[in-house]
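Notes for the one structure printed next.
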Amino acid sequence: MDRLIADRYRLLGRLGSGGMGTVWRARDELLHREVAVKEVRLPAGLPEDERDQLRERTLREARAAARLDSPHAVTVYDVVEEDGNPFLVMELVEAPTLSSVVRDQGPLPPHRVAEIGLSLLAALEAAHAQGIVHRDVKPSNVLLRPDGRVVLSDFGIAHTTGDASLTSTGLLLGSPSYIAPERARGLGSRPESDLWSLGATLFTAVEGRAAFDTGEALTTMTAVVAGEPAPFELAGPLTPVLAGLLVREPEDRLDAIGARRGLQEALSAGAAATQALPLLPARPVPAPPARGRRRTWAVVAALVVVASGTAGYVASTRSPDRTTSTASPRPSPSAAAVVPAGWKTYTGDGWSIRYPATWQVGTYRGQPQLRDPVTHRTVRVGPASLGSSPLAVLTTTATAFARVYPSYSRVRLEQTSGGAVWELTYTDGGADLHAADWALVLGGRGFTLFTQAKAADWHAASPELRRVVSSLALG
């Protein structure tokens with residue numbers, strides 16, 4: 001390839017392409033540096049006059065983006081035309097996108113997502129201060145450099161808030177899962193629209209899935225306009241700020257000041273969780289000879305998992321709506337901690353858990369899942385940022401869950417000696433289910449353990465599920 005743009009920028013190779021054009025690696029022959037050049041593709045089939053309007057608007061908006069001065073926004077160096085097409089010359093940032101990181105590595109920890117959110121918010125505030133709205137904040141436009149710098153790219157479809165929109169084309173720019181409701185309704189863009197998209201982007205980062213995504217553009221936009229976001233499962237301390245950003249009406253949405261405060265609080269909660277003293281009563285137990293160097297902890301407080309049903313664990317305090325029943329004695333740690341021979345071990349990042357050999361290992365929304373393919377008994381386990389109040393985290397999760405599942409019924413939601421527990425029943429796909437979600441801290445690390453079985457099998461499933469959960473160990 002030997003294509004020279006504007007007698008200055010030599011295209012070297014394709015970096016990527018999307019709905020709005022192709023991005024090339026290029027060399028600035030004047031300044032002798034590598035840059036990124038975006039060739040903007042205008043929609044096919046437009047009348048010539050509308051095509052001219054859109055081209056002029058693209059150039060105008062790109063020049064507006066070039067005024068931005070933020071370490072968290074890709075710098076636009078130049079805007080040129082070649083053969084009637086706009087080309088944006090930008091800083092070359094060689095880094096993976098947030099979407100690729102989540103796809104390859106799974107959901108990010110809440111404290112890291114809070115850091116990313118603060119960087120993106122800084123870029124948006126700098127843009128909004130100059131009357132510029134991005135209009136396409138999404139994970140694929142967020143670059144995560146190895147040095148920790150977070151950069152928001154693709155201000156190429158940004159527009160200045162003082163400009164009139166091109167309503168004659170009916171063109172809606174952006175990605176369906178990340179377009180704010182007011183934009184999807186055709187009401188135009190505003191700074192609040194970028195904040196909604198920021199919330200949707202951070203939701204994807206921490207939950208590993210989009211808050212709104214039906215797999216089809218039109219129905220996804222319908223969900224954005226009239227539906228509710230997917231339930232929060234991994235967001236932890238980020239839940240309040242994300243919920244505030246994803247409010248449907250712009251006037252009621254969290255503003256930049258509130259977003260910054262919420263992200264900073266989530267970041268502080270994450271830091272506090274990593275430094276907190278263990279809240280879970282635990283005792284060291286000898287490791288097996290083959291793994292003698294491994295430090296193992298018996299999860300005493302978690303032994304009551306699943307025995308928390310109507311025939312299970314009697315808590316010292318009860319939720320007001322919990323029905324009282326005759327409960328069997330609480331199992332002793334020594335009895336519950338025995339794991340049958342022949343079980344397999346799932347190893348996470350500095351932790352492990354054991355499960356029956358007949359069970360299958362998979363993932364559920366980015367979280368490890370252990371499941372019996374016959375009975376559908378299920379245990380999902382993973383690290384979690386619980387902050388200073390595991391109960392608050394589960395309370396938020398329960399509130400979001402209730403909006404999605406009308407059949408939901410709370411059995412109990414309360415603090416325990418090792419953290420907190422939320423027990424529930426609900427119907428999903430025609431199946432009546434019974435579950436218990438435990439939030440606990442082990443050796444200074446937060447974990448959630450979600451156990452589930454068919455409602456009719458809950459009592460019989462208790463011993464097996466209890467043994468799986470009680471095998472959680474650090475090391």
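Ligands are numbered from 1 in the order shown, chains are lettered A, B, ... in the order of the structure tokens, and residues start at 1 in each chain.
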Can you pull out every residue within 10 Å of range 72-87 of chain A, counting only C-alpha atoms, but drop anything in the same chain fewer than 4 positions away, and send it as a JSON list (two decimals) with N, CA and C atoms, in the first residue's frame?
```
[["chain", "number", "residue", "atom", "x", "y", "z"],
["A", 4, "LEU", "N", -1.12, 8.24, -0.23],
["A", 4, "LEU", "CA", -0.77, 9.47, 0.48],
["A", 4, "LEU", "C", -2.00, 10.35, 0.57],
["A", 5, "ILE", "N", -2.37, 10.72, 1.77],
["A", 5, "ILE", "CA", -3.55, 11.55, 2.01],
["A", 5, "ILE", "C", -3.11, 12.99, 2.26],
["A", 6, "ALA", "N", -3.74, 13.91, 1.52],
["A", 6, "ALA", "CA", -3.47, 15.34, 1.67],
["A", 6, "ALA", "C", -1.97, 15.65, 1.51],
["A", 7, "ASP", "N", -1.31, 14.87, 0.68],
["A", 7, "ASP", "CA", 0.13, 15.06, 0.41],
["A", 7, "ASP", "C", 0.97, 15.02, 1.68],
["A", 21, "GLY", "N", -16.45, 3.99, 9.53],
["A", 21, "GLY", "CA", -15.29, 4.13, 8.68],
["A", 21, "GLY", "C", -14.18, 3.16, 9.02],
["A", 22, "THR", "N", -13.02, 3.42, 8.42],
["A", 22, "THR", "CA", -11.84, 2.59, 8.59],
["A", 22, "THR", "C", -10.72, 3.40, 9.23],
["A", 23, "VAL", "N", -10.02, 2.79, 10.18],
["A", 23, "VAL", "CA", -8.89, 3.44, 10.82],
["A", 23, "VAL", "C", -7.60, 2.81, 10.31],
["A", 35, "VAL", "N", 0.82, 8.05, 13.14],
["A", 35, "VAL", "CA", -0.47, 8.55, 13.60],
["A", 35, "VAL", "C", -1.55, 7.55, 13.20],
["A", 36, "ALA", "N", -2.75, 7.79, 13.69],
["A", 36, "ALA", "CA", -3.92, 7.03, 13.26],
["A", 36, "ALA", "C", -4.75, 7.93, 12.36],
["A", 37, "VAL", "N", -5.17, 7.42, 11.22],
["A", 37, "VAL", "CA", -5.99, 8.19, 10.29],
["A", 37, "VAL", "C", -7.32, 7.48, 10.12],
["A", 38, "LYS", "N", -8.39, 8.18, 10.41],
["A", 38, "LYS", "CA", -9.72, 7.60, 10.26],
["A", 38, "LYS", "C", -10.37, 8.12, 8.98],
["A", 39, "GLU", "N", -10.66, 7.20, 8.10],
["A", 39, "GLU", "CA", -11.39, 7.52, 6.87],
["A", 39, "GLU", "C", -12.88, 7.38, 7.16],
["A", 40, "VAL", "N", -13.57, 8.48, 7.19],
["A", 40, "VAL", "CA", -14.99, 8.47, 7.56],
["A", 40, "VAL", "C", -15.84, 8.06, 6.36],
["A", 41, "ARG", "N", -16.61, 7.01, 6.54],
["A", 41, "ARG", "CA", -17.52, 6.56, 5.48],
["A", 41, "ARG", "C", -18.89, 7.19, 5.69],
["A", 42, "LEU", "N", -19.36, 7.87, 4.69],
["A", 42, "LEU", "CA", -20.69, 8.46, 4.77],
["A", 42, "LEU", "C", -21.72, 7.43, 4.33],
["A", 52, "ASP", "N", -23.48, 16.11, 1.21],
["A", 52, "ASP", "CA", -22.61, 17.27, 1.38],
["A", 52, "ASP", "C", -22.77, 17.86, 2.78],
["A", 55, "ARG", "N", -21.03, 15.60, 5.26],
["A", 55, "ARG", "CA", -19.58, 15.72, 5.17],
["A", 55, "ARG", "C", -19.09, 17.00, 5.85],
["A", 56, "GLU", "N", -19.78, 18.08, 5.58],
["A", 56, "GLU", "CA", -19.38, 19.35, 6.21],
["A", 56, "GLU", "C", -19.55, 19.30, 7.71],
["A", 58, "THR", "N", -19.35, 16.59, 9.59],
["A", 58, "THR", "CA", -18.30, 15.74, 10.12],
["A", 58, "THR", "C", -17.00, 16.52, 10.27],
["A", 59, "LEU", "N", -16.66, 17.29, 9.25],
["A", 59, "LEU", "CA", -15.44, 18.10, 9.31],
["A", 59, "LEU", "C", -15.52, 19.12, 10.43],
["A", 60, "ARG", "N", -16.66, 19.75, 10.57],
["A", 60, "ARG", "CA", -16.83, 20.78, 11.60],
["A", 60, "ARG", "C", -16.71, 20.18, 12.99],
["A", 61, "GLU", "N", -17.35, 19.02, 13.18],
["A", 61, "GLU", "CA", -17.32, 18.40, 14.49],
["A", 61, "GLU", "C", -15.93, 17.86, 14.83],
["A", 62, "ALA", "N", -15.24, 17.33, 13.82],
["A", 62, "ALA", "CA", -13.88, 16.85, 14.07],
["A", 62, "ALA", "C", -12.96, 17.99, 14.46],
["A", 63, "ARG", "N", -13.14, 19.13, 13.84],
["A", 63, "ARG", "CA", -12.33, 20.30, 14.21],
["A", 63, "ARG", "C", -12.65, 20.75, 15.63],
["A", 64, "ALA", "N", -13.92, 20.60, 16.01],
["A", 64, "ALA", "CA", -14.29, 20.92, 17.39],
["A", 64, "ALA", "C", -13.61, 19.96, 18.35],
["A", 65, "ALA", "N", -13.57, 18.66, 17.99],
["A", 65, "ALA", "CA", -12.93, 17.66, 18.84],
["A", 65, "ALA", "C", -11.44, 17.94, 18.98],
["A", 66, "ALA", "N", -10.83, 18.54, 17.96],
["A", 66, "ALA", "CA", -9.40, 18.85, 18.01],
["A", 66, "ALA", "C", -9.08, 19.89, 19.07],
["A", 67, "ARG", "N", -10.10, 20.60, 19.57],
["A", 67, "ARG", "CA", -9.86, 21.60, 20.61],
["A", 67, "ARG", "C", -9.71, 20.97, 21.99],
["A", 68, "LEU", "N", -10.07, 19.70, 22.12],
["A", 68, "LEU", "CA", -10.03, 19.05, 23.43],
["A", 68, "LEU", "C", -8.60, 18.92, 23.93],
["A", 91, "GLU", "N", -3.97, 10.94, 17.35],
["A", 91, "GLU", "CA", -2.94, 10.28, 18.14],
["A", 91, "GLU", "C", -3.07, 8.77, 17.98],
["A", 92, "LEU", "N", -1.96, 8.09, 17.77],
["A", 92, "LEU", "CA", -1.97, 6.64, 17.67],
["A", 92, "LEU", "C", -1.79, 6.04, 19.06],
["A", 93, "VAL", "N", -2.84, 5.42, 19.56],
["A", 93, "VAL", "CA", -2.81, 4.79, 20.88],
["A", 93, "VAL", "C", -2.89, 3.28, 20.67],
["A", 116, "ILE", "N", -11.54, 3.34, 35.81],
["A", 116, "ILE", "CA", -11.81, 3.60, 34.40],
["A", 116, "ILE", "C", -12.90, 4.66, 34.26],
["A", 118, "LEU", "N", -13.74, 7.08, 36.32],
["A", 118, "LEU", "CA", -13.26, 8.41, 36.66],
["A", 118, "LEU", "C", -12.45, 9.02, 35.52],
["A", 119, "SER", "N", -11.66, 8.21, 34.83],
["A", 119, "SER", "CA", -10.89, 8.71, 33.68],
["A", 119, "SER", "C", -11.82, 9.12, 32.54],
["A", 120, "LEU", "N", -12.80, 8.28, 32.23],
["A", 120, "LEU", "CA", -13.74, 8.60, 31.16],
["A", 120, "LEU", "C", -14.56, 9.83, 31.50],
["A", 121, "LEU", "N", -14.95, 9.94, 32.76],
["A", 121, "LEU", "CA", -15.72, 11.10, 33.18],
["A", 121, "LEU", "C", -14.91, 12.38, 33.01],
["A", 122, "ALA", "N", -13.61, 12.31, 33.30],
["A", 122, "ALA", "CA", -12.76, 13.49, 33.11],
["A", 122, "ALA", "C", -12.72, 13.91, 31.65],
["A", 123, "ALA", "N", -12.64, 12.93, 30.74],
["A", 123, "ALA", "CA", -12.64, 13.25, 29.31],
["A", 123, "ALA", "C", -13.96, 13.87, 28.88],
["A", 124, "LEU", "N", -15.06, 13.33, 29.38],
["A", 124, "LEU", "CA", -16.37, 13.86, 29.01],
["A", 124, "LEU", "C", -16.59, 15.25, 29.57],
["A", 126, "ALA", "N", -14.32, 17.47, 30.13],
["A", 126, "ALA", "CA", -13.53, 18.39, 29.31],
["A", 126, "ALA", "C", -14.25, 18.69, 28.01],
["A", 127, "ALA", "N", -14.87, 17.68, 27.41],
["A", 127, "ALA", "CA", -15.61, 17.88, 26.17],
["A", 127, "ALA", "C", -16.86, 18.72, 26.40],
["A", 142, "VAL", "N", -13.10, 2.66, 24.24],
["A", 142, "VAL", "CA", -12.29, 2.91, 25.44],
["A", 142, "VAL", "C", -11.00, 2.09, 25.31],
["A", 143, "LEU", "N", -9.86, 2.77, 25.36],
["A", 143, "LEU", "CA", -8.56, 2.12, 25.22],
["A", 143, "LEU", "C", -7.87, 2.05, 26.57],
["A", 149, "ARG", "N", -3.09, 4.28, 31.71],
["A", 149, "ARG", "CA", -3.86, 5.40, 31.17],
["A", 149, "ARG", "C", -5.09, 4.89, 30.43],
["A", 150, "VAL", "N", -6.21, 5.51, 30.69],
["A", 150, "VAL", "CA", -7.47, 5.18, 30.04],
["A", 150, "VAL", "C", -7.80, 6.29, 29.06],
["A", 151, "VAL", "N", -8.10, 5.93, 27.82],
["A", 151, "VAL", "CA", -8.30, 6.92, 26.77],
["A", 151, "VAL", "C", -9.63, 6.67, 26.07],
["A", 152, "LEU", "N", -10.42, 7.73, 25.92],
["A", 152, "LEU", "CA", -11.67, 7.67, 25.18],
["A", 152, "LEU", "C", -11.40, 8.11, 23.74],
["A", 153, "SER", "N", -11.74, 7.26, 22.80],
["A", 153, "SER", "CA", -11.45, 7.55, 21.40],
["A", 153, "SER", "C", -12.72, 7.87, 20.63],
["A", 154, "ASP", "N", -12.52, 8.15, 19.34],
["A", 154, "ASP", "CA", -13.60, 8.32, 18.37],
["A", 154, "ASP", "C", -14.54, 9.47, 18.68],
["A", 155, "PHE", "N", -13.94, 10.64, 18.86],
["A", 155, "PHE", "CA", -14.77, 11.84, 18.93],
["A", 155, "PHE", "C", -15.20, 12.29, 17.54],
["A", 156, "GLY", "N", -14.95, 11.44, 16.55],
["A", 156, "GLY", "CA", -15.25, 11.80, 15.16],
["A", 156, "GLY", "C", -16.72, 11.99, 14.87]]
```
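With only C-alpha atoms taken into account, the protein and nucleic acid residues at most 10 Å from range 368-376 of chain A (excluding it and anything under 4 positions from it in its own chain) are Tyr346, Thr347, Gly348, Ile353, Arg354, Tyr355, Pro356, Ala357, Thr358, Trp359, Gln360, Val361, Gly362, Thr363, Tyr364, Arg380, Val381, Gly382, Leu449, Phe450, Thr451, Gln452, Ala453, Lys454, Asp457, Ala461 and Val468 of chain A.
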Handout entry: Residue neighbourhood Ala256 in chain A, 8 Å, only C-alpha atoms, exclusion window fewer than 4 positions, as a PyMOL selection string
Key = chain A and resi 121+125+195+260
Practice task
Taking the DSSP assignment computed from this structure's backbone, write out as a PyMOL selection string all residues of range 47-104 of chain A that belong to alpha helix (DSSP H).
Solution key: chain A and resi 48-65+98-104
Among range 126-269 of chain A, which ones does DSSP assign to strand (DSSP E) (computed from the backbone)? Answer as a PDB file with C-alpha atoms, in the first residue's frame.
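Writing the result to result02.pdb gives the following:
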```pdb
ATOM      1  CA  ILE A 132     -18.974  18.936  22.674  1.00  0.00           C
ATOM      2  CA  VAL A 133     -21.046  15.772  23.121  1.00  0.00           C
ATOM      3  CA  VAL A 142     -12.286   2.910  25.439  1.00  0.00           C
ATOM      4  CA  LEU A 143      -8.563   2.123  25.217  1.00  0.00           C
ATOM      5  CA  LEU A 144      -6.678   0.645  28.191  1.00  0.00           C
ATOM      6  CA  VAL A 150      -7.470   5.176  30.035  1.00  0.00           C
ATOM      7  CA  VAL A 151      -8.302   6.924  26.771  1.00  0.00           C
ATOM      8  CA  LEU A 152     -11.673   7.669  25.175  1.00  0.00           C
ATOM      9  CA  HIS A 159     -21.198  17.245  17.738  1.00  0.00           C
ATOM     10  CA  THR A 160     -21.231  20.633  19.344  1.00  0.00           C
TER      11      THR A 160
END
```
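For the pair CA of Trp458 in chain A and CA of Ala435 in chain A, the interatomic distance is 8.3 Å.
Among the candidates A:Glu228, A:Glu207, A:Asp437, A:Asp432, the one nearest to Ala456 in chain A when counting only C-alpha atoms is A:Asp432.
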